[in-house]
$ cat final.txt   # compact mmCIF, C-alpha atoms
# COMPACT_ATOMS: atom_id res chain seq x y z
CA HIS A 1 3.99 17.44 -2.31
CA SER A 2 3.29 18.28 1.31
CA SER A 3 3.45 16.22 4.49
CA VAL A 4 1.06 16.71 7.41
CA LYS A 5 2.47 14.66 10.26
CA ASN A 6 2.21 14.24 14.04
CA ASN A 7 -0.31 17.04 14.65
CA ASP A 8 -3.19 17.37 17.10
CA ILE A 9 -6.03 19.05 15.18
CA THR A 10 -9.36 20.07 16.75
CA THR A 11 -12.22 22.05 15.24
CA ASN A 12 -15.22 23.20 17.27
CA GLY A 13 -18.26 25.13 16.12
CA ASP A 14 -21.95 25.49 16.88
CA SER A 15 -22.80 25.56 13.17
CA ASN A 16 -22.04 23.11 10.33
CA PHE A 17 -19.21 22.05 7.98
CA ASN A 18 -16.35 21.74 10.43
CA GLN A 19 -13.36 20.03 8.80
CA GLY A 20 -10.08 18.84 10.25
CA ILE A 21 -8.00 18.64 7.04
CA LEU A 22 -9.13 19.66 3.52
CA LEU A 23 -7.22 18.73 0.34
CA PHE A 24 -8.69 20.80 -2.49
CA TYR A 25 -8.40 21.12 -6.28
CA PHE A 26 -5.47 19.22 -7.84
CA SER A 27 -3.68 18.64 -4.55
CA THR A 28 -1.62 15.51 -5.27
CA ASN A 29 1.10 13.30 -3.81
CA ASN A 30 0.61 14.50 -0.23
CA THR A 31 1.08 12.45 2.94
CA ILE A 32 -1.19 12.77 5.97
CA ILE A 33 0.25 10.55 8.68
CA ASN A 34 -0.07 9.99 12.43
CA ASN A 35 -2.34 12.93 13.21
CA LYS A 36 -5.01 13.13 15.89
CA ILE A 37 -8.06 14.85 14.37
CA SER A 38 -11.28 15.80 16.14
CA THR A 39 -14.14 17.76 14.56
CA ASN A 40 -17.20 18.88 16.53
CA GLY A 41 -20.27 20.93 15.63
CA GLY A 42 -23.83 20.89 14.39
CA GLN A 43 -23.87 18.66 11.31
CA THR A 44 -21.58 17.67 8.41
CA ASN A 45 -18.43 17.41 10.48
CA ILE A 46 -15.59 15.78 8.52
CA GLY A 47 -12.22 14.57 9.72
CA ILE A 48 -10.38 14.55 6.35
CA LYS A 49 -11.99 15.74 3.11
CA LEU A 50 -10.64 15.34 -0.44
CA GLU A 51 -12.48 17.48 -2.98
CA TYR A 52 -12.09 17.74 -6.77
CA ASP A 53 -9.16 16.10 -8.55
CA VAL A 54 -7.20 15.25 -5.42
CA SER A 55 -5.18 12.16 -6.33
CA ASN A 56 -2.29 9.88 -5.31
CA ASN A 57 -2.30 10.92 -1.66
CA THR A 58 -1.54 8.73 1.35
CA ILE A 59 -3.72 8.99 4.47
CA LYS A 60 -2.12 6.72 7.03
CA GLU A 61 -2.19 5.92 10.75
CA ASN A 62 -4.40 8.83 11.77
CA ARG A 63 -6.90 8.79 14.63
CA ILE A 64 -10.05 10.60 13.50
CA THR A 65 -13.13 11.41 15.59
CA THR A 66 -16.12 13.37 14.34
CA ASN A 67 -19.00 14.40 16.57
CA GLY A 68 -22.16 16.17 15.46
CA LYS A 69 -25.27 17.31 17.27
CA SER A 70 -27.15 16.48 14.07
CA ALA A 71 -26.50 14.41 10.91
CA TYR A 72 -24.06 13.76 8.02
CA ASN A 73 -20.79 13.34 9.86
CA SER A 74 -17.89 11.61 8.07
CA GLY A 75 -14.46 10.38 9.06
CA ILE A 76 -12.97 10.50 5.52
CA ASP A 77 -14.91 12.05 2.64
CA LEU A 78 -13.95 11.95 -1.06
CA ASN A 79 -16.01 14.05 -3.45
CA GLY A 80 -15.28 14.62 -7.13
CA ARG A 81 -12.60 12.76 -9.12
CA ASN A 82 -10.30 11.84 -6.26
CA ASN A 83 -8.45 8.85 -7.67
CA GLY A 84 -5.60 6.58 -6.68
CA ASN A 85 -5.47 7.48 -2.99
CA PHE A 86 -4.25 5.19 -0.21
CA ILE A 87 -6.32 5.08 3.01
CA ILE A 88 -4.32 2.84 5.35
CA ASN A 89 -4.34 1.87 9.04
CA ASN A 90 -6.50 4.73 10.32
CA ILE A 91 -8.80 4.56 13.37
CA ILE A 92 -12.03 6.39 12.60
CA SER A 93 -15.06 7.05 14.81
CA THR A 94 -18.05 9.09 13.63
CA ASN A 95 -20.96 10.08 15.84
CA GLY A 96 -24.21 12.00 15.33
CA THR A 97 -27.96 11.61 15.16
CA ASN A 98 -28.13 9.91 11.75
CA ASN A 99 -26.42 9.46 8.37
CA ASN A 100 -22.95 9.04 9.79
CA TYR A 101 -20.17 7.65 7.57
CA GLY A 102 -16.79 6.18 8.39
CA TYR A 103 -15.72 6.52 4.74
CA TYR A 104 -17.77 8.21 2.02
CA SER A 105 -16.83 8.55 -1.66
CA SER A 106 -18.48 9.89 -4.79
CA ASP A 107 -17.04 10.05 -8.32
CA SER A 108 -13.68 8.68 -7.13
CA VAL A 109 -12.03 5.50 -8.46
CA ASN A 110 -8.99 3.27 -7.95
CA ASN A 111 -8.65 4.00 -4.23
CA PHE A 112 -7.08 1.52 -1.81
CA ILE A 113 -8.71 1.24 1.63
CA SER A 114 -6.89 -1.20 3.91
CA GLY A 115 -6.22 -1.93 7.58
CA ASN A 116 -8.60 0.72 8.91
CA ASP A 117 -10.89 0.54 11.93
CA PHE A 118 -14.23 2.24 11.12
CA SER A 119 -16.86 2.77 13.81
CA THR A 120 -20.07 4.75 13.24
CA ASN A 121 -22.67 5.48 15.90
CA GLY A 122 -25.99 7.30 15.90
CA ASN A 123 -29.73 7.01 16.38
CA THR A 124 -30.35 5.61 12.87
CA THR A 125 -28.87 5.15 9.38
CA ASN A 126 -25.13 4.71 9.85
CA TYR A 127 -22.62 3.50 7.27
CA GLY A 128 -19.13 2.11 7.79
CA ILE A 129 -18.19 2.50 4.12
CA PHE A 130 -20.48 4.10 1.53
CA THR A 131 -19.35 4.46 -2.09
CA TYR A 132 -20.82 5.36 -5.46
CA ASP A 133 -17.60 4.38 -7.20
CA SER A 134 -15.68 1.76 -9.19
CA ASN A 135 -12.39 -0.13 -9.08
CA ASN A 136 -11.76 0.38 -5.39
CA THR A 137 -9.99 -2.15 -3.18
CA ILE A 138 -11.44 -2.51 0.31
CA VAL A 139 -9.37 -5.10 2.14
CA ASN A 140 -8.64 -6.16 5.71
CA ASN A 141 -10.66 -3.45 7.48
CA LYS A 142 -12.64 -3.68 10.71
CA ILE A 143 -16.04 -2.06 10.20
CA SER A 144 -18.65 -1.58 12.93
CA THR A 145 -21.94 0.35 12.84
CA ASN A 146 -24.22 0.82 15.84
CA CYS A 147 -27.48 2.63 16.47
CA ILE A 148 -30.52 2.77 18.73
CA SER A 149 -33.07 2.35 15.94
CA GLY A 150 -32.20 0.74 12.58
CA ASP A 151 -30.86 1.01 9.05
CA ASN A 152 -27.19 0.31 9.70
CA TYR A 153 -24.91 -0.71 6.84
CA GLY A 154 -21.39 -2.04 7.18
CA VAL A 155 -20.52 -1.54 3.49
CA TYR A 156 -22.92 -0.02 0.93
CA LEU A 157 -21.94 -0.30 -2.76
CA ILE A 158 -24.61 1.86 -4.41
CA SER A 159 -23.24 2.31 -7.95
CA GLY A 160 -20.09 1.78 -9.97
CA SER A 161 -18.55 -1.66 -10.48
CA TYR A 162 -15.40 -3.78 -10.16
CA ASN A 163 -14.90 -3.14 -6.45
CA ASN A 164 -12.98 -5.74 -4.44
CA LEU A 165 -14.24 -6.30 -0.89
CA THR A 166 -11.99 -8.90 0.72
CA LEU A 167 -10.92 -10.07 4.19
CA ASN A 168 -12.92 -7.48 6.12
CA THR A 169 -14.56 -8.00 9.51
CA ILE A 170 -17.98 -6.34 9.45
CA SER A 171 -20.44 -5.99 12.32
CA THR A 172 -23.75 -4.08 12.35
CA ASN A 173 -25.96 -3.66 15.41
CA GLY A 174 -29.25 -1.86 15.99
CA GLY A 175 -32.96 -2.21 16.49
CA SER A 176 -33.77 -3.57 13.03
CA SER A 177 -32.77 -3.51 9.35
CA ASN A 178 -29.05 -4.00 9.86
CA TYR A 179 -27.03 -5.01 6.78
CA GLY A 180 -23.46 -6.28 6.69
CA VAL A 181 -22.95 -5.64 2.96
CA TYR A 182 -25.53 -4.08 0.64
CA ILE A 183 -24.83 -4.28 -3.10
CA TYR A 184 -26.79 -2.26 -5.61
CA ASN A 185 -24.27 -2.35 -8.45
CA THR A 186 -22.44 -4.84 -10.67
CA LYS A 187 -19.30 -6.92 -11.16
CA ASN A 188 -17.93 -6.75 -7.63
CA ILE A 189 -15.91 -9.37 -5.74
CA ILE A 190 -17.08 -10.04 -2.19
CA LYS A 191 -14.64 -12.60 -0.80
CA SER A 192 -13.45 -14.04 2.53
CA ASN A 193 -15.22 -11.51 4.75
CA THR A 194 -16.56 -12.21 8.23
CA ILE A 195 -19.98 -10.57 8.56
CA THR A 196 -22.24 -10.38 11.62
CA THR A 197 -25.57 -8.53 11.89
CA ASN A 198 -27.60 -8.23 15.09
CA GLY A 199 -30.95 -6.69 15.93
CA ASN A 200 -34.56 -7.44 16.74
CA SER A 201 -35.66 -8.11 13.15
CA ASP A 202 -34.94 -7.84 9.41
CA ASN A 203 -31.17 -8.12 9.64
CA HIS A 204 -29.31 -9.40 6.58
CA GLY A 205 -25.68 -10.39 6.16
CA ILE A 206 -25.27 -9.78 2.41
CA ALA A 207 -28.14 -8.14 0.55
CA LEU A 208 -28.43 -7.60 -3.20
CA GLY A 209 -30.65 -4.81 -4.47
CA SER A 210 -32.80 -5.22 -7.55
CA TYR A 211 -30.16 -4.14 -10.07
CA ALA A 212 -27.19 -6.03 -8.61
CA SER A 213 -25.76 -8.40 -11.21
CA ASN A 214 -22.58 -10.29 -12.13
CA ASN A 215 -21.25 -10.17 -8.58
CA SER A 216 -19.05 -12.93 -7.15
CA ILE A 217 -19.76 -13.73 -3.49
CA THR A 218 -17.29 -16.36 -2.28
CA ASP A 219 -15.84 -17.84 0.91
CA ASN A 220 -17.59 -15.46 3.30
CA VAL A 221 -18.64 -16.36 6.85
CA VAL A 222 -22.02 -14.75 7.51
CA SER A 223 -24.08 -14.79 10.72
CA THR A 224 -27.36 -12.96 11.39
CA SER A 225 -29.77 -12.83 14.31
CA GLY A 226 -33.31 -11.53 14.83
CA ALA A 227 -36.75 -12.29 13.42
CA ASN A 228 -37.02 -12.44 9.62
CA SER A 229 -33.24 -12.24 9.22
CA HIS A 230 -31.20 -13.88 6.45
CA SER A 231 -27.55 -14.51 5.66
CA LEU A 232 -28.06 -13.81 1.94
CA TYR A 233 -31.00 -11.67 0.89
CA LEU A 234 -32.10 -10.78 -2.65
CA SER A 235 -34.58 -7.92 -2.58
CA PRO A 236 -37.10 -6.95 -5.29
CA LEU A 237 -37.71 -3.74 -7.18
CA ARG A 238 -40.34 -2.31 -4.88
CA ALA A 239 -42.53 -0.75 -7.57
CA VAL A 240 -43.19 -4.04 -9.38
CA LYS A 241 -42.11 -6.64 -6.77
CA LYS A 242 -39.66 -8.15 -9.25
CA ILE A 243 -36.01 -9.12 -8.92
CA ILE A 244 -34.20 -8.23 -12.13
CA HIS A 245 -30.57 -8.84 -11.10
CA THR A 246 -28.86 -11.71 -12.89
CA ASN A 247 -25.67 -13.78 -12.96
CA ASN A 248 -24.62 -13.36 -9.36
CA THR A 249 -22.57 -16.30 -8.08
CA PHE A 250 -22.57 -17.56 -4.47
CA ASN A 251 -19.81 -20.06 -3.81
CA SER A 252 -18.45 -21.74 -0.63
CA ASN A 253 -19.99 -19.33 1.88
CA ILE A 254 -20.67 -20.40 5.48
CA LEU A 255 -24.12 -19.15 6.47
CA SER A 256 -25.96 -18.96 9.77
CA SER A 257 -29.25 -17.14 10.34
CA SER A 258 -32.54 -17.22 12.21
CA GLY A 259 -34.47 -17.35 8.92
CA LEU A 260 -33.73 -19.00 5.59
CA ASP A 261 -30.03 -18.78 4.85
CA LEU A 262 -30.77 -17.65 1.29
CA PHE A 263 -33.95 -15.62 0.78
CA PHE A 264 -35.41 -14.65 -2.59
CA ASN A 265 -38.06 -12.03 -1.90
CA SER A 266 -40.00 -12.53 -5.14
CA THR A 267 -41.83 -15.12 -7.21
CA ASN A 268 -40.60 -13.43 -10.38
CA TYR A 269 -36.87 -14.12 -10.28
CA SER A 270 -34.42 -14.13 -13.16
CA GLY A 271 -31.21 -15.91 -12.56
CA SER A 272 -28.52 -15.69 -9.87
CA LYS A 273 -27.03 -19.00 -8.77
CA MET A 274 -25.68 -20.79 -5.72
CA LEU A 275 -22.78 -23.18 -6.09

$ encode --input "final.txt" --output "structure tokens"
Amino acid sequence: HSSVKNNDITTNGDSNFNQGILLFYFSTNNTIINNKISTNGGQTNIGIKLEYDVSNNTIKENRITTNGKSAYNSGIDLNGRNNGNFIINNIISTNGTNNNYGYYSSDSVNNFISGNDFSTNGNTTNYGIFTYDSNNTIVNNKISTNCISGDNYGVYLISGSYNNLTLNTISTNGGSSNYGVYIYNTKNIIKSNTITTNGNSDNHGIALGSYASNNSITDNVVSTSGANSHSLYLSPLRAVKKIIHTNNTFNSNILSSSGLDLFFNSTNYSGSKML
């Protein structure tokens, strides 16, 4: 039951794994509030890291900046059964060559992420929010990813289910292959978000991977620009060129794109629907 409050924390190193604050092994019910945190080094620089059974903590109103000469820099990183945490009203900027994350989580459920400003910047492959997890609430955040090349993702839901993504403002910008929301899992609610993707080509507002099913996508405002770009994009399983996701529902979305607003990238398609 500790409180870390009103500190100015800076880590600098020429090597890797520089961390501003680390909560480790069964550290619970702590408050991290109103700190200025800056981590700088080679790669894998992390502002705040929660690792292994770190639960019921509040991370609030911090200003976090991570800078790496290489890759894998994260503002907030949850790894290993970190459940029931509150991530609220933080300003987070991550910078490096590639694979930069505003918020990253693995094997962590029932977290509440709200009111944050996430900005990730690098040459390629940046993520505002990237999660493997279930039952998380991601609401009312501002999420921006920017790069010189491509492969930017505002929010990437790669596994798990029952996540609620609501009332977020998401913007991705880069050369090509920019995604506002990419869903590869099931039973999520994507509602009332404002999503903008910009780049030269292949930019998609909301994209569903081959195994995405039973997702509800409702009342979103989606705008994309660039050649071969789509507001809603359903991608195939690359090995067999087949879309196998089913029972996704698209309802009352406002779509604007340079290509087809809804694009099914397969002739062998099995059953999502537009209302």

$ closest_residue --input "final.txt" --among "A:Asn136, A:Ser149, A:Ser257, A:Asn57" --to "Phe24 (chain A)" --atoms "all atoms listed in the file"
A:Asn57

$ closest_residue --input "final.txt" --among "A:Asn62, A:Ser74, A:Asn100, A:Ser55" --to "Asp151 (chain A)" --atoms "all atoms listed in the file"
A:Asn100

$ atom_distance --input "final.txt" --atom1 "CA of Ser105 (chain A)" --atom2 "CA of Ser225 (chain A)"
29.7 Å

$ residues_near_point --input "final.txt" --point "(-21.6, 5.3, 0.0)" --cutoff "12 Å" --atoms "all atoms listed in the file" --output "JSON, numbers by chain"
{"A": [72, 74, 76, 77, 78, 79, 99, 100, 101, 102, 103, 104, 105, 106, 107, 108, 125, 126, 127, 128, 129, 130, 131, 132, 133, 134, 153, 154, 155, 156, 157, 158, 159, 160, 181, 182, 183, 184, 185]}

$ residues_around --input "final.txt" --residues "Lys36 (chain A)" --least-positions-apart "3" --cutoff "10 Å" --atoms "all atoms listed in the file" --output "list in words"
Lys5, Asn6, Asn7, Asp8, Ile9, Thr10, Gly20, Ile33, Gly47, Glu61, Asn62, Arg63, Ile64, Thr65 and Ile91 of chain A

$ residues_around --input "final.txt" --residues "region 110-119 of chain A" --least-positions-apart "4" --cutoff "6 Å" --atoms "only C-alpha atoms" --output "list in words"
Asn83, Gly84, Asn85, Phe86, Ile87, Ile88, Asn89, Asn90, Ile91, Ile92, Ser93, Gly102, Gly128, Asn135, Asn136, Thr137, Ile138, Val139, Asn140, Asn141, Lys142, Ile143, Ser144 and Thr145 of chain A

$ write_last_selection --input "final.txt" --atoms "C-alpha atoms" --output "PDB file, keeping the file's coordinate frame"
ATOM      1  CA  ASN A  83      -8.450   8.850  -7.670  1.00  0.00           C
ATOM      2  CA  GLY A  84      -5.600   6.580  -6.680  1.00  0.00           C
ATOM      3  CA  ASN A  85      -5.470   7.480  -2.990  1.00  0.00           C
ATOM      4  CA  PHE A  86      -4.250   5.190  -0.210  1.00  0.00           C
ATOM      5  CA  ILE A  87      -6.320   5.080   3.010  1.00  0.00           C
ATOM      6  CA  ILE A  88      -4.320   2.840   5.350  1.00  0.00           C
ATOM      7  CA  ASN A  89      -4.340   1.870   9.040  1.00  0.00           C
ATOM      8  CA  ASN A  90      -6.500   4.730  10.320  1.00  0.00           C
ATOM      9  CA  ILE A  91      -8.800   4.560  13.370  1.00  0.00           C
ATOM     10  CA  ILE A  92     -12.030   6.390  12.600  1.00  0.00           C
ATOM     11  CA  SER A  93     -15.060   7.050  14.810  1.00  0.00           C
ATOM     12  CA  GLY A 102     -16.790   6.180   8.390  1.00  0.00           C
ATOM     13  CA  GLY A 128     -19.130   2.110   7.790  1.00  0.00           C
ATOM     14  CA  ASN A 135     -12.390  -0.130  -9.080  1.00  0.00           C
ATOM     15  CA  ASN A 136     -11.760   0.380  -5.390  1.00  0.00           C
ATOM     16  CA  THR A 137      -9.990  -2.150  -3.180  1.00  0.00           C
ATOM     17  CA  ILE A 138     -11.440  -2.510   0.310  1.00  0.00           C
ATOM     18  CA  VAL A 139      -9.370  -5.100   2.140  1.00  0.00           C
ATOM     19  CA  ASN A 140      -8.640  -6.160   5.710  1.00  0.00           C
ATOM     20  CA  ASN A 141     -10.660  -3.450   7.480  1.00  0.00           C
ATOM     21  CA  LYS A 142     -12.640  -3.680  10.710  1.00  0.00           C
ATOM     22  CA  ILE A 143     -16.040  -2.060  10.200  1.00  0.00           C
ATOM     23  CA  SER A 144     -18.650  -1.580  12.930  1.00  0.00           C
ATOM     24  CA  THR A 145     -21.940   0.350  12.840  1.00  0.00           C
TER      25      THR A 145
END

$ residues_around --input "final.txt" --residues "Val222 (chain A)" --least-positions-apart "3" --cutoff "8 Å" --atoms "all atoms listed in the file" --output "list of chain:residue names"
A:Thr194, A:Ile195, A:Thr196, A:Gly205, A:Ile206, A:Ser231, A:Asn253, A:Ile254, A:Leu255, A:Ser256
